[in-house]
file input_36.txt (compact mmCIF, C-alpha atoms)
# COMPACT_ATOMS: atom_id res chain seq x y z
CA MET A 1 43.82 -12.01 18.52
CA LYS A 2 44.83 -11.99 14.89
CA ALA A 3 47.73 -9.74 13.97
CA HIS A 4 45.76 -7.68 11.45
CA TRP A 5 43.21 -6.73 14.13
CA THR A 6 46.01 -5.53 16.40
CA ILE A 7 47.51 -3.44 13.59
CA ALA A 8 44.08 -2.05 12.61
CA GLY A 9 43.38 -1.13 16.24
CA LYS A 10 46.72 0.69 16.53
CA GLU A 11 46.09 2.62 13.30
CA CYS A 12 42.61 3.57 14.47
CA VAL A 13 43.76 4.73 17.91
CA GLN A 14 46.52 6.75 16.27
CA MET A 15 43.91 8.64 14.26
CA LEU A 16 41.98 9.62 17.38
CA ARG A 17 44.89 10.16 19.76
CA SER A 18 47.51 11.77 17.59
CA GLN A 19 47.31 15.52 17.18
CA ARG A 20 47.97 15.06 13.45
CA GLY A 21 44.87 12.90 13.00
CA LEU A 22 42.71 15.30 14.97
CA TRP A 23 44.06 18.33 13.08
CA TRP A 24 42.98 16.57 9.92
CA LEU A 25 39.48 16.02 11.29
CA LEU A 26 39.34 19.63 12.47
CA ALA A 27 40.29 20.87 8.99
CA LEU A 28 37.50 18.80 7.43
CA THR A 29 34.87 19.93 9.93
CA SER A 30 35.96 23.55 9.43
CA VAL A 31 35.34 23.23 5.69
CA LEU A 32 31.93 21.65 6.27
CA SER A 33 31.05 24.27 8.91
CA ALA A 34 32.05 27.09 6.53
CA PHE A 35 29.77 25.54 3.93
CA SER A 36 26.93 25.42 6.43
CA PHE A 37 27.40 29.04 7.56
CA LEU A 38 27.29 30.17 3.93
CA LEU A 39 24.01 28.35 3.44
CA VAL A 40 22.32 29.70 6.52
CA SER A 41 22.49 33.15 4.96
CA ASN A 42 19.96 31.97 2.35
CA THR A 43 17.16 29.86 3.78
CA GLU A 44 14.81 30.29 0.79
CA LEU A 45 16.55 27.73 -1.37
CA SER A 46 14.64 25.68 -3.91
CA LEU A 47 14.54 21.91 -3.47
CA LEU A 48 17.05 21.70 -6.27
CA ASP A 49 19.48 24.17 -4.69
CA ASN A 50 19.26 22.16 -1.51
CA ALA A 51 19.96 18.89 -3.35
CA GLN A 52 22.88 20.58 -5.09
CA VAL A 53 24.36 21.54 -1.74
CA VAL A 54 23.95 18.00 -0.36
CA TYR A 55 25.63 16.72 -3.54
CA MET A 56 28.53 19.15 -3.09
CA MET A 57 28.90 18.16 0.52
CA ALA A 58 28.96 14.46 -0.39
CA GLY A 59 31.61 15.23 -3.02
CA THR A 60 33.70 17.18 -0.50
CA VAL A 61 33.56 14.33 2.02
CA LEU A 62 34.61 11.86 -0.68
CA ALA A 63 37.52 14.08 -1.80
CA ALA A 64 38.64 14.55 1.81
CA GLY A 65 38.43 10.79 2.35
CA ALA A 66 40.51 10.11 -0.76
CA LEU A 67 43.12 12.63 0.35
CA LEU A 68 43.22 11.14 3.84
CA ALA A 69 43.64 7.66 2.31
CA ALA A 70 46.47 8.96 0.11
CA ILE A 71 48.27 10.35 3.17
CA MET A 72 47.71 7.31 5.37
CA GLY A 73 48.56 4.91 2.54
CA SER A 74 51.77 6.78 1.69
CA ASP A 75 52.79 6.65 5.34
CA ALA A 76 51.92 2.96 5.74
CA TYR A 77 55.24 1.42 4.63
CA ALA A 78 57.50 4.32 3.67
CA GLY A 79 56.64 6.21 6.87
CA GLU A 80 57.49 3.16 8.98
CA ASN A 81 60.71 2.85 7.00
CA GLU A 82 61.65 6.51 7.51
CA ARG A 83 60.91 6.27 11.25
CA GLY A 84 62.98 3.09 11.43
CA THR A 85 60.08 0.94 12.64
CA LEU A 86 59.55 -1.11 9.48
CA ILE A 87 62.40 -3.60 9.95
CA PRO A 88 61.29 -4.58 13.50
CA LEU A 89 57.73 -4.83 12.20
CA LEU A 90 58.75 -7.10 9.34
CA CYS A 91 60.93 -9.17 11.65
CA ALA A 92 58.01 -9.70 14.02
CA PRO A 93 55.90 -12.83 13.46
CA VAL A 94 53.41 -10.94 11.30
CA ALA A 95 52.68 -12.10 7.77
CA SER A 96 52.94 -9.43 5.08
CA SER A 97 49.30 -10.08 4.18
CA ASP A 98 48.30 -9.49 7.83
CA LEU A 99 50.22 -6.21 7.82
CA LEU A 100 48.50 -5.12 4.62
CA ILE A 101 45.03 -6.14 5.83
CA GLY A 102 45.63 -4.40 9.15
CA LYS A 103 46.71 -1.19 7.42
CA THR A 104 43.71 -1.41 5.06
CA MET A 105 41.35 -1.90 8.00
CA GLY A 106 42.95 1.14 9.62
CA LEU A 107 42.13 3.09 6.45
CA LEU A 108 38.58 1.79 6.60
CA ALA A 109 38.27 2.93 10.22
CA ALA A 110 39.57 6.40 9.34
CA TRP A 111 37.04 6.64 6.49
CA GLY A 112 34.32 5.47 8.89
CA LEU A 113 35.31 8.20 11.33
CA LEU A 114 35.20 10.79 8.54
CA LEU A 115 31.74 9.59 7.53
CA THR A 116 30.57 9.73 11.14
CA VAL A 117 31.81 13.30 11.51
CA ALA A 118 30.19 14.31 8.19
CA THR A 119 26.80 12.71 8.97
CA PRO A 120 25.46 15.49 11.25
CA TYR A 121 26.34 18.05 8.57
CA LEU A 122 24.52 16.09 5.88
CA TRP A 123 21.52 15.77 8.19
CA ALA A 124 21.53 19.47 9.15
CA ILE A 125 21.65 20.59 5.52
CA GLY A 126 19.47 18.00 3.85
CA ALA A 127 16.86 16.91 6.40
CA SER A 128 14.12 19.13 4.89
CA GLY A 129 15.22 18.62 1.31
CA GLN A 130 15.21 15.56 -0.88
CA ASN A 131 17.12 12.26 -0.95
CA LEU A 132 19.10 12.69 2.27
CA TRP A 133 19.11 8.99 3.15
CA GLU A 134 20.08 8.15 -0.44
CA ALA A 135 22.93 10.68 -0.25
CA TRP A 136 24.34 9.03 2.87
CA PHE A 137 23.81 5.50 1.55
CA TYR A 138 25.52 6.14 -1.79
CA LEU A 139 28.32 8.10 -0.15
CA THR A 140 29.03 4.99 1.91
CA LEU A 141 28.49 2.53 -0.94
CA PHE A 142 30.63 4.33 -3.51
CA GLY A 143 32.93 6.26 -1.20
CA THR A 144 34.24 3.15 0.58
CA PRO A 145 35.71 1.39 -2.49
CA VAL A 146 36.99 4.66 -3.98
CA VAL A 147 38.72 5.74 -0.76
CA LEU A 148 40.11 2.28 0.02
CA GLY A 149 41.30 1.98 -3.58
CA VAL A 150 43.22 5.26 -3.30
CA GLY A 151 44.67 4.11 0.01
CA CYS A 152 45.74 0.74 -1.42
CA LEU A 153 47.35 2.44 -4.40
CA ALA A 154 49.24 4.77 -2.08
CA MET A 155 50.33 1.76 -0.01
CA ALA A 156 51.55 0.00 -3.16
CA LEU A 157 53.60 3.06 -4.13
CA SER A 158 54.78 3.46 -0.55
CA ALA A 159 55.99 -0.14 -0.39
CA ARG A 160 57.63 0.15 -3.79
CA THR A 161 59.39 3.50 -3.44
CA GLY A 162 60.08 3.61 0.30
CA SER A 163 59.53 7.36 0.24
CA VAL A 164 56.50 9.08 1.76
CA LEU A 165 57.07 12.14 -0.40
CA ALA A 166 57.30 10.21 -3.67
CA SER A 167 54.26 8.09 -2.87
CA LEU A 168 52.17 11.02 -1.67
CA LEU A 169 53.11 13.15 -4.67
CA SER A 170 52.30 10.37 -7.14
CA THR A 171 48.95 9.58 -5.50
CA THR A 172 47.99 13.25 -5.28
CA ILE A 173 48.81 13.79 -8.95
CA LEU A 174 46.71 10.75 -9.82
CA LEU A 175 43.85 12.11 -7.70
CA MET A 176 44.07 15.48 -9.46
CA LEU A 177 44.05 13.69 -12.80
CA ALA A 178 40.96 11.76 -11.71
CA ALA A 179 39.29 15.00 -10.63
CA SER A 180 40.21 16.90 -13.80
CA PRO A 181 37.19 15.77 -15.91
CA LEU A 182 34.98 17.26 -13.22
CA LEU A 183 36.63 20.64 -13.62
CA ILE A 184 36.29 20.85 -17.40
CA GLY A 185 32.50 21.12 -17.28
CA PRO A 186 29.65 19.04 -18.66
CA GLY A 187 30.08 20.32 -22.24
CA LEU A 188 33.57 18.91 -22.71
CA ARG A 189 32.70 15.81 -20.72
CA GLY A 190 30.05 15.03 -23.32
CA THR A 191 32.72 14.56 -26.02
CA ALA A 192 34.04 11.09 -26.91
CA ILE A 193 37.26 11.61 -24.94
CA GLY A 194 35.38 13.04 -21.97
CA ARG A 195 32.99 10.07 -21.96
CA ALA A 196 35.89 7.62 -22.27
CA LEU A 197 37.63 9.26 -19.28
CA ASP A 198 34.41 9.12 -17.29
CA ALA A 199 34.01 5.44 -18.13
CA ILE A 200 37.30 4.48 -16.46
CA ASN A 201 37.48 7.09 -13.72
CA PRO A 202 36.25 5.80 -10.34
CA LEU A 203 36.06 9.28 -8.80
CA ALA A 204 33.88 10.51 -11.67
CA ALA A 205 31.74 7.37 -11.34
CA ALA A 206 31.09 8.09 -7.67
CA LEU A 207 30.35 11.79 -8.26
CA ASN A 208 28.09 11.03 -11.23
CA THR A 209 26.20 8.62 -9.01
CA PHE A 210 25.74 11.29 -6.34
CA ASP A 211 24.43 13.66 -9.00
CA SER A 212 22.12 11.02 -10.42
CA VAL A 213 20.74 9.93 -7.05
CA ILE A 214 20.63 13.14 -5.01
CA ILE A 215 19.62 15.63 -7.69
CA ASP A 216 17.84 13.53 -10.32
CA SER A 217 16.36 10.92 -7.91
CA GLU A 218 17.35 8.05 -10.20
CA PRO A 219 17.04 4.43 -8.97
CA PHE A 220 19.73 1.92 -8.00
CA SER A 221 19.46 0.12 -11.35
CA ALA A 222 20.94 3.19 -13.05
CA GLN A 223 24.03 3.00 -10.80
CA VAL A 224 25.02 -0.66 -11.27
CA THR A 225 27.62 -0.07 -14.02
CA ARG A 226 29.31 2.64 -11.97
CA LEU A 227 29.27 0.41 -8.90
CA LEU A 228 31.04 -2.32 -10.88
CA LEU A 229 33.65 0.22 -11.97
CA VAL A 230 34.47 1.33 -8.42
CA ALA A 231 34.51 -2.31 -7.24
CA ALA A 232 36.97 -3.14 -10.06
CA TRP A 233 39.07 -0.12 -9.02
CA LEU A 234 39.26 -1.40 -5.44
CA GLY A 235 40.10 -4.94 -6.59
CA LEU A 236 42.87 -3.71 -8.88
CA CYS A 237 44.43 -1.42 -6.28
CA PHE A 238 44.25 -4.09 -3.58
CA MET A 239 46.02 -6.58 -5.84
CA LEU A 240 48.71 -3.99 -6.60
CA SER A 241 49.26 -3.25 -2.92
CA ARG A 242 49.34 -6.97 -2.08
CA GLN A 243 51.98 -7.56 -4.72
CA SER A 244 54.09 -4.62 -3.54
CA ALA A 245 53.71 -5.43 0.17
CA ALA A 246 54.82 -9.03 -0.38
CA ASN A 247 57.99 -7.90 -2.07
CA ILE A 248 59.32 -4.73 -0.48
CA HIS A 249 62.36 -3.12 -2.12
CA PHE A 250 64.04 -0.24 -0.38
CA ASN A 251 67.50 1.24 -0.57
CA THR A 252 68.50 -0.91 2.36
CA GLY A 253 67.97 -4.04 0.27
CA LYS A 254 65.24 -6.55 -0.38
CA ILE A 255 62.97 -7.87 2.32
CA SER A 256 60.60 -10.63 1.30
CA MET B 1 -32.46 50.64 -53.17
CA SER B 2 -34.79 48.07 -54.74
CA PRO B 3 -35.87 45.09 -52.62
CA LEU B 4 -33.95 42.75 -54.96
CA LYS B 5 -30.71 44.68 -54.54
CA GLY B 6 -31.22 44.70 -50.78
CA LEU B 7 -31.74 40.93 -50.76
CA LEU B 8 -28.60 40.36 -52.87
CA ALA B 9 -26.57 42.60 -50.56
CA ALA B 10 -27.82 40.67 -47.51
CA ILE B 11 -26.93 37.30 -49.10
CA PHE B 12 -23.48 38.56 -50.09
CA THR B 13 -22.79 39.92 -46.60
CA THR B 14 -23.89 36.65 -44.98
CA LEU B 15 -21.69 34.60 -47.31
CA LEU B 16 -18.71 36.90 -46.73
CA TRP B 17 -19.14 36.68 -42.95
CA ALA B 18 -19.40 32.89 -43.11
CA ALA B 19 -16.25 32.68 -45.26
CA VAL B 20 -14.27 34.94 -42.95
CA SER B 21 -15.42 33.16 -39.79
CA THR B 22 -14.58 29.73 -41.31
CA ALA B 23 -11.11 30.96 -42.23
CA ALA B 24 -10.62 32.45 -38.78
CA GLN B 25 -11.77 29.32 -36.93
CA SER B 26 -8.83 27.51 -35.39
CA PRO B 27 -8.30 23.99 -36.77
CA VAL B 28 -7.17 22.88 -33.30
CA ALA B 29 -8.91 23.24 -29.96
CA VAL B 30 -6.80 22.91 -26.83
CA ASP B 31 -8.20 22.58 -23.37
CA LEU B 32 -6.22 22.42 -20.13
CA ARG B 33 -7.51 21.38 -16.70
CA PRO B 34 -5.87 20.64 -13.36
CA ASP B 35 -6.21 17.10 -12.01
CA GLY B 36 -8.94 16.71 -9.40
CA ARG B 37 -6.46 15.20 -6.92
CA ASN B 38 -4.09 18.18 -6.98
CA PRO B 39 -3.54 19.69 -3.50
CA VAL B 40 -5.54 22.84 -2.85
CA ALA B 41 -2.55 24.72 -1.42
CA PRO B 42 0.50 23.08 -3.01
CA VAL B 43 3.81 23.24 -1.17
CA MET B 44 7.35 22.83 -2.54
CA GLY B 45 8.00 19.14 -3.15
CA ASP B 46 4.32 18.34 -3.96
CA HIS B 47 3.32 16.86 -7.29
CA LEU B 48 0.72 18.43 -9.58
CA GLN B 49 -0.90 17.01 -12.69
CA PHE B 50 -2.61 18.76 -15.58
CA TRP B 51 -4.72 17.22 -18.31
CA SER B 52 -4.81 18.65 -21.82
CA THR B 53 -7.28 17.70 -24.54
CA ILE B 54 -6.30 18.53 -28.09
CA THR B 55 -9.03 18.23 -30.70
CA ASN B 56 -8.64 18.48 -34.44
CA THR B 57 -11.55 20.78 -35.30
CA GLY B 58 -10.44 21.26 -38.91
CA LYS B 59 -11.24 19.31 -42.02
CA VAL B 60 -7.73 18.03 -42.76
CA PRO B 61 -5.54 15.72 -40.70
CA ILE B 62 -2.87 17.29 -38.49
CA GLU B 63 0.47 15.63 -39.19
CA GLY B 64 3.59 15.76 -37.05
CA MET B 65 1.97 17.61 -34.21
CA VAL B 66 4.11 18.81 -31.31
CA ALA B 67 2.54 19.78 -27.99
CA TRP B 68 4.69 21.14 -25.17
CA ILE B 69 4.21 22.50 -21.71
CA SER B 70 5.54 25.87 -20.61
CA LEU B 71 5.77 27.30 -17.14
CA VAL B 72 6.18 30.97 -16.34
CA GLU B 73 6.97 32.47 -12.98
CA ILE B 74 4.93 35.61 -12.42
CA ASP B 75 6.14 36.81 -9.03
CA PRO B 76 6.44 40.61 -9.09
CA GLY B 77 9.99 41.53 -10.07
CA ASN B 78 10.80 37.92 -10.82
CA GLU B 79 8.82 37.31 -14.01
CA GLN B 80 10.58 34.71 -16.10
CA PRO B 81 10.10 31.46 -17.98
CA VAL B 82 11.00 28.42 -15.90
CA ASP B 83 13.45 25.78 -17.12
CA LEU B 84 11.41 22.59 -16.69
CA GLU B 85 14.50 20.38 -16.53
CA ASP B 86 13.94 19.47 -12.90
CA TRP B 87 10.21 20.11 -12.68
CA SER B 88 9.01 17.55 -15.17
CA ALA B 89 10.31 14.54 -17.05
CA HIS B 90 7.37 14.79 -19.47
CA LYS B 91 7.80 18.04 -21.31
CA ALA B 92 6.40 17.34 -24.79
CA VAL B 93 4.36 15.05 -27.01
CA THR B 94 5.88 14.79 -30.47
CA GLY B 95 5.11 13.38 -33.90
CA VAL B 96 1.40 12.77 -33.26
CA SER B 97 -1.14 12.69 -36.11
CA LEU B 98 -4.76 13.66 -35.53
CA LEU B 99 -7.55 12.98 -38.00
CA PRO B 100 -10.41 15.51 -38.27
CA GLY B 101 -12.55 15.24 -35.18
CA GLN B 102 -10.01 13.10 -33.38
CA ARG B 103 -8.81 14.13 -29.91
CA LEU B 104 -5.74 13.47 -27.81
CA GLN B 105 -5.76 13.57 -24.04
CA THR B 106 -2.40 14.01 -22.33
CA ASN B 107 -1.32 14.00 -18.72
CA TRP B 108 1.36 16.52 -17.65
CA PRO B 109 2.86 15.65 -14.26
CA MET B 110 5.01 18.18 -12.48
CA ARG B 111 7.06 18.33 -9.27
CA LEU B 112 7.09 21.68 -7.52
CA ILE B 113 10.70 22.68 -6.99
CA LYS B 114 10.47 26.32 -5.93
CA GLY B 115 7.91 28.51 -4.20
CA GLY B 116 6.13 31.35 -6.01
CA ASP B 117 3.28 32.17 -8.42
CA TYR B 118 3.23 30.31 -11.70
CA ARG B 119 1.21 30.05 -14.87
CA VAL B 120 1.18 26.90 -16.99
CA VAL B 121 0.18 26.65 -20.66
CA ILE B 122 0.22 24.01 -23.41
CA SER B 123 1.30 25.09 -26.89
CA ILE B 124 0.76 23.20 -30.14
CA THR B 125 2.10 23.39 -33.63
CA ASP B 126 2.30 20.98 -36.53
CA ARG B 127 4.60 20.18 -39.41
CA ARG B 128 2.70 22.12 -42.10
CA GLY B 129 1.13 25.06 -40.35
CA ARG B 130 3.14 28.02 -39.21
CA GLN B 131 0.92 28.90 -36.32
CA VAL B 132 1.15 28.03 -32.67
CA TYR B 133 -2.07 27.35 -30.78
CA THR B 134 -2.19 27.69 -27.03
CA SER B 135 -4.46 26.40 -24.31
CA PRO B 136 -6.00 28.59 -21.64
CA THR B 137 -3.51 29.18 -18.86
CA ILE B 138 -3.80 27.84 -15.32
CA GLN B 139 -2.34 29.86 -12.52
CA PHE B 140 -1.23 28.39 -9.21
CA HIS B 141 0.73 29.36 -6.14
CA VAL B 142 3.44 27.18 -4.60
CA CYS B 143 4.00 27.77 -0.90
CA GLN B 144 7.63 28.08 0.13
CA LYS B 145 8.84 25.29 2.39
CA PRO B 146 11.94 26.07 4.46
CA VAL B 147 14.56 23.61 3.22
CA LEU B 148 17.24 24.94 5.50
CA ASN B 149 16.61 25.34 9.19
CA ALA B 150 19.13 27.66 10.81
CA GLY B 151 18.20 26.23 14.20
CA ARG B 152 19.43 22.86 13.02
CA VAL B 153 22.45 23.91 10.97
CA LEU B 154 24.12 26.36 13.35
CA PRO B 155 24.46 24.05 16.39
CA VAL B 156 26.05 21.35 14.20
CA ALA B 157 28.36 23.80 12.42
CA VAL B 158 29.58 25.20 15.75
CA ALA B 159 29.52 22.12 17.96
CA VAL B 160 31.38 19.57 15.83
CA PRO B 161 34.65 21.55 15.42
CA PHE B 162 34.51 22.47 19.12
CA LEU B 163 34.06 18.81 20.00
CA ILE B 164 37.23 17.97 18.10
CA LEU B 165 39.07 20.90 19.67
CA GLY B 166 37.94 19.58 23.06
CA LEU B 167 39.27 16.13 22.21
CA MET B 168 42.59 17.68 21.18
CA ALA B 169 42.82 19.61 24.46
CA PHE B 170 41.93 16.48 26.43
CA ASN B 171 44.63 14.45 24.63
CA ARG B 172 47.19 17.18 25.22
CA ALA B 173 46.33 17.45 28.93
CA LYS B 174 46.48 13.69 29.30
CA SER B 175 49.84 13.50 27.60
CA HIS B 176 51.12 16.44 29.73
CA ARG B 177 50.02 14.65 32.96
CA ARG B 178 51.71 11.45 31.79
CA ASN B 179 54.93 13.35 31.09
CA GLU B 180 54.79 15.01 34.53
CA LYS B 181 54.33 11.63 36.25
CA THR B 182 57.29 10.24 34.32
CA TYR B 183 59.37 13.29 35.26
CA ILE B 184 58.71 13.04 39.01
CA GLY B 185 59.15 9.29 38.84
CA ILE B 186 55.66 8.11 39.87

call {"tool": "encode", "arguments": {"input": "input_36.txt", "output": "structure tokens"}}
result
Amino acid sequence: MKAHWTIAGKECVQMLRSQRGLWWLLALTSVLSAFSFLLVSNTELSLLDNAQVVYMMAGTVLAAGALLAAIMGSDAYAGENERGTLIPLLCAPVASSDLLIGKTMGLLAAWGLLLTVATPYLWAIGASGQNLWEAWFYLTLFGTPVVLGVGCLAMALSARTGSVLASLLSTTILLMLAASPLLIGPGLRGTAIGRALDAINPLAAALNTFDSVIIDSEPFSAQVTRLLLVAAWLGLCFMLSRQSAANIHFNTGKIS
Amino acid sequence: MSPLKGLLAAIFTTLLWAAVSTAAQSPVAVDLRPDGRNPVAPVMGDHLQFWSTITNTGKVPIEGMVAWISLVEIDPGNEQPVDLEDWSAHKAVTGVSLLPGQRLQTNWPMRLIKGGDYRVVISITDRRGRQVYTSPTIQFHVCQKPVLNAGRVLPVAVAVPFLILGLMAFNRAKSHRRNEKTYIGI
């Protein structure tokens, strides 16, 4: 069995067996359940209100996935270092690329688990509305590169700084920065600076796609540019993490 | 009154009436009909179509004509104009010129987003005139479709967190048993 599969399996099992991983899942399902309870109080929604709710739920799942990736990515190298398990891991006959791929596959599995948990909620809310299948499909298509990209970036910072706190803080600040155009409202986002930020922001690209597909029922052809942006984001972050993982510098010295 | 004076008065009255009625006649005629394939009892999510026919009944061309569709909700206590943003992608015909006698037929598709009673109307104006001409209105009722089923939402909202809590309890019990076995040396 290849080393990266073994590492991915361990990461995946840790998510399901560790109390920390399950607490995380419980927190997410509690948010989604609270959303659902709020909605049940008003069953006479218009089709548009319903689509809006599905859009918000898709956005929440994506944000939770990105946050989970930031935490897991920050823990990937720096966490192992702080627990004292990194040196034995690096001394084992495992190539640094295998370690990185294994950790990335672990991230992918965690995102898959999050999507699986969120699917019944999306179905329960959107089954009688519009574009439910499209919502799920685009959440998977755009969410996967965005979440993995965040995770890879966190891993790059984790491998470079050797500190979970520093990596997590930096990734979270970056995530908040990426989310900030969404908070300033459509009016300001229509300005030249707002449009420029949207053009390079993978999180905004994914959320704009959800809006376009779930609420406005626009076709795939209208999403291609945004899909290229999130694919480029993933490629860039993966390259960064590969570079950092191949050349780890911590206080204890250089391991390459 | 002499017969001649009476005749002159009758001619004058006829001419005056003709002049007034010509001036009052609208230079545009607008007709609005529902499409024959529209559902009889439309439900939220259905599509409706309306056909308007605009005819230039005047003697001068109409330049820069704008025709637009308006929708008004007329549910008691909820009377309001509806923002067509999500109801229709085809909200207006602009910049059209119509020669005298010429007519323009336009299709107005619409997706029914919300239940209730509605009235639709087409309005027209042009670059020169200051008046707005309207079509007859068409009234229709959109049946509410439940988009949120509490019987579907509640079980999911309750069961999924409990499932995870169950998994946590199972993991804890398993780990506790393992620790006990280690402690008694099995």

call {"tool": "atom_distance", "arguments": {"input": "input_36.txt", "atom1": "atom CA of B:Thr125", "atom2": "atom CA of B:Phe50"}}
result
19.2 Å

call {"tool": "residues_around", "arguments": {"input": "input_36.txt", "residues": "B:Glu85", "least_positions_apart": "6", "cutoff": "12 Å", "atoms": "only C-alpha atoms", "output": "PyMOL selection string"}}
result
(chain A and resi 48+215-216) or (chain B and resi 69-71+91-92+110-113)

call {"tool": "interface_residues", "arguments": {"input": "input_36.txt", "of": "chain B", "to": "chain A", "cutoff": "7 Å", "atoms": "only C-alpha atoms", "output": "ChimeraX atom specification"}}
result
/B:113-114,146-148,150,152-153,156-157,160-161,164,168,171

call {"tool": "residues_around", "arguments": {"input": "input_36.txt", "residues": "A:Gln223", "least_positions_apart": "5", "cutoff": "12 Å", "atoms": "all atoms listed in the file", "output": "ChimeraX atom specification"}}
result
/A:138,141-142,205-213,217-218,228-230

call {"tool": "atom_distance", "arguments": {"input": "input_36.txt", "atom1": "atom CA of A:Glu11", "atom2": "atom CA of A:Met105"}}
result
8.4 Å

call {"tool": "residues_near_point", "arguments": {"input": "input_36.txt", "point": "(48.3, -4.1, 3.7)", "cutoff": "8 Å", "atoms": "all atoms listed in the file", "output": "list of chain:residue names"}}
result
A:Ser96, A:Ser97, A:Asp98, A:Leu99, A:Leu100, A:Ile101, A:Gly102, A:Lys103, A:Thr104, A:Cys152, A:Met155, A:Ser241, A:Arg242, A:Ala245

call {"tool": "atom_distance", "arguments": {"input": "input_36.txt", "atom1": "atom CA of B:Arg128", "atom2": "atom CA of B:Pro81"}}
result
26.9 Å

call {"tool": "residues_around", "arguments": {"input": "input_36.txt", "residues": "A:Ile71", "least_positions_apart": "2", "cutoff": "9 Å", "atoms": "all atoms listed in the file", "output": "count of residues only"}}
result
15

call {"tool": "residues_around", "arguments": {"input": "input_36.txt", "residues": "B:Ser97", "least_positions_apart": "2", "cutoff": "6 Å", "atoms": "all atoms listed in the file", "output": "PDB file with C-alpha atoms, in the frame of the given file"}}
result
ATOM      1  CA  ILE B  62      -2.870  17.290 -38.490  1.00  0.00           C
ATOM      2  CA  GLU B  63       0.470  15.630 -39.190  1.00  0.00           C
ATOM      3  CA  GLY B  64       3.590  15.760 -37.050  1.00  0.00           C
TER       4      GLY B  64
END

call {"tool": "closest_residue", "arguments": {"input": "input_36.txt", "among": "B:Gly45, B:Gly101, B:Ile54, B:Ala159", "to": "B:Ile124", "atoms": "only C-alpha atoms"}}
result
B:Ile54

call {"tool": "closest_residue", "arguments": {"input": "input_36.txt", "among": "A:Ala204, A:Leu169, A:Leu86, A:Ala58", "to": "A:Leu227", "atoms": "only C-alpha atoms"}}
result
A:Ala204

call {"tool": "decode", "arguments": {"input": "input_36.txt", "residues": "stretch 97-111 of chain B", "atoms": "N, CA and C atoms", "output": "PDB file, in the first residue's frame"}}
result
ATOM      1  N   SER B  97     -40.047  51.791 -33.361  1.00  0.00           N
ATOM      2  CA  SER B  97     -40.798  52.785 -34.137  1.00  0.00           C
ATOM      3  C   SER B  97     -41.961  52.084 -34.828  1.00  0.00           C
ATOM      4  N   LEU B  98     -43.107  52.747 -34.812  1.00  0.00           N
ATOM      5  CA  LEU B  98     -44.298  52.167 -35.452  1.00  0.00           C
ATOM      6  C   LEU B  98     -44.888  53.182 -36.415  1.00  0.00           C
ATOM      7  N   LEU B  99     -45.024  52.789 -37.669  1.00  0.00           N
ATOM      8  CA  LEU B  99     -45.649  53.669 -38.665  1.00  0.00           C
ATOM      9  C   LEU B  99     -47.164  53.631 -38.472  1.00  0.00           C
ATOM     10  N   PRO B 100     -47.886  54.625 -38.983  1.00  0.00           N
ATOM     11  CA  PRO B 100     -49.351  54.590 -38.837  1.00  0.00           C
ATOM     12  C   PRO B 100     -49.924  53.291 -39.401  1.00  0.00           C
ATOM     13  N   GLY B 101     -50.742  52.662 -38.604  1.00  0.00           N
ATOM     14  CA  GLY B 101     -51.375  51.411 -39.018  1.00  0.00           C
ATOM     15  C   GLY B 101     -50.530  50.175 -38.704  1.00  0.00           C
ATOM     16  N   GLN B 102     -49.290  50.390 -38.404  1.00  0.00           N
ATOM     17  CA  GLN B 102     -48.407  49.246 -38.127  1.00  0.00           C
ATOM     18  C   GLN B 102     -48.688  48.679 -36.726  1.00  0.00           C
ATOM     19  N   ARG B 103     -48.452  47.389 -36.547  1.00  0.00           N
ATOM     20  CA  ARG B 103     -48.681  46.784 -35.234  1.00  0.00           C
ATOM     21  C   ARG B 103     -47.477  45.954 -34.794  1.00  0.00           C
ATOM     22  N   LEU B 104     -47.360  45.822 -33.496  1.00  0.00           N
ATOM     23  CA  LEU B 104     -46.238  45.070 -32.914  1.00  0.00           C
ATOM     24  C   LEU B 104     -46.796  44.061 -31.921  1.00  0.00           C
ATOM     25  N   GLN B 105     -46.474  42.788 -32.183  1.00  0.00           N
ATOM     26  CA  GLN B 105     -46.940  41.760 -31.255  1.00  0.00           C
ATOM     27  C   GLN B 105     -45.759  41.309 -30.384  1.00  0.00           C
ATOM     28  N   THR B 106     -45.973  41.262 -29.098  1.00  0.00           N
ATOM     29  CA  THR B 106     -44.883  40.914 -28.176  1.00  0.00           C
ATOM     30  C   THR B 106     -45.331  39.828 -27.209  1.00  0.00           C
ATOM     31  N   ASN B 107     -44.382  38.933 -26.943  1.00  0.00           N
ATOM     32  CA  ASN B 107     -44.635  37.850 -25.998  1.00  0.00           C
ATOM     33  C   ASN B 107     -44.007  38.217 -24.645  1.00  0.00           C
ATOM     34  N   TRP B 108     -44.761  38.048 -23.567  1.00  0.00           N
ATOM     35  CA  TRP B 108     -44.261  38.378 -22.222  1.00  0.00           C
ATOM     36  C   TRP B 108     -44.286  37.114 -21.368  1.00  0.00           C
ATOM     37  N   PRO B 109     -43.163  36.411 -21.289  1.00  0.00           N
ATOM     38  CA  PRO B 109     -43.140  35.201 -20.447  1.00  0.00           C
ATOM     39  C   PRO B 109     -42.926  35.572 -18.976  1.00  0.00           C
ATOM     40  N   MET B 110     -43.377  34.706 -18.115  1.00  0.00           N
ATOM     41  CA  MET B 110     -43.289  35.019 -16.684  1.00  0.00           C
ATOM     42  C   MET B 110     -43.228  33.725 -15.879  1.00  0.00           C
ATOM     43  N   ARG B 111     -42.386  33.687 -14.874  1.00  0.00           N
ATOM     44  CA  ARG B 111     -42.324  32.525 -13.976  1.00  0.00           C
ATOM     45  C   ARG B 111     -42.976  32.911 -12.656  1.00  0.00           C
TER      46      ARG B 111
END
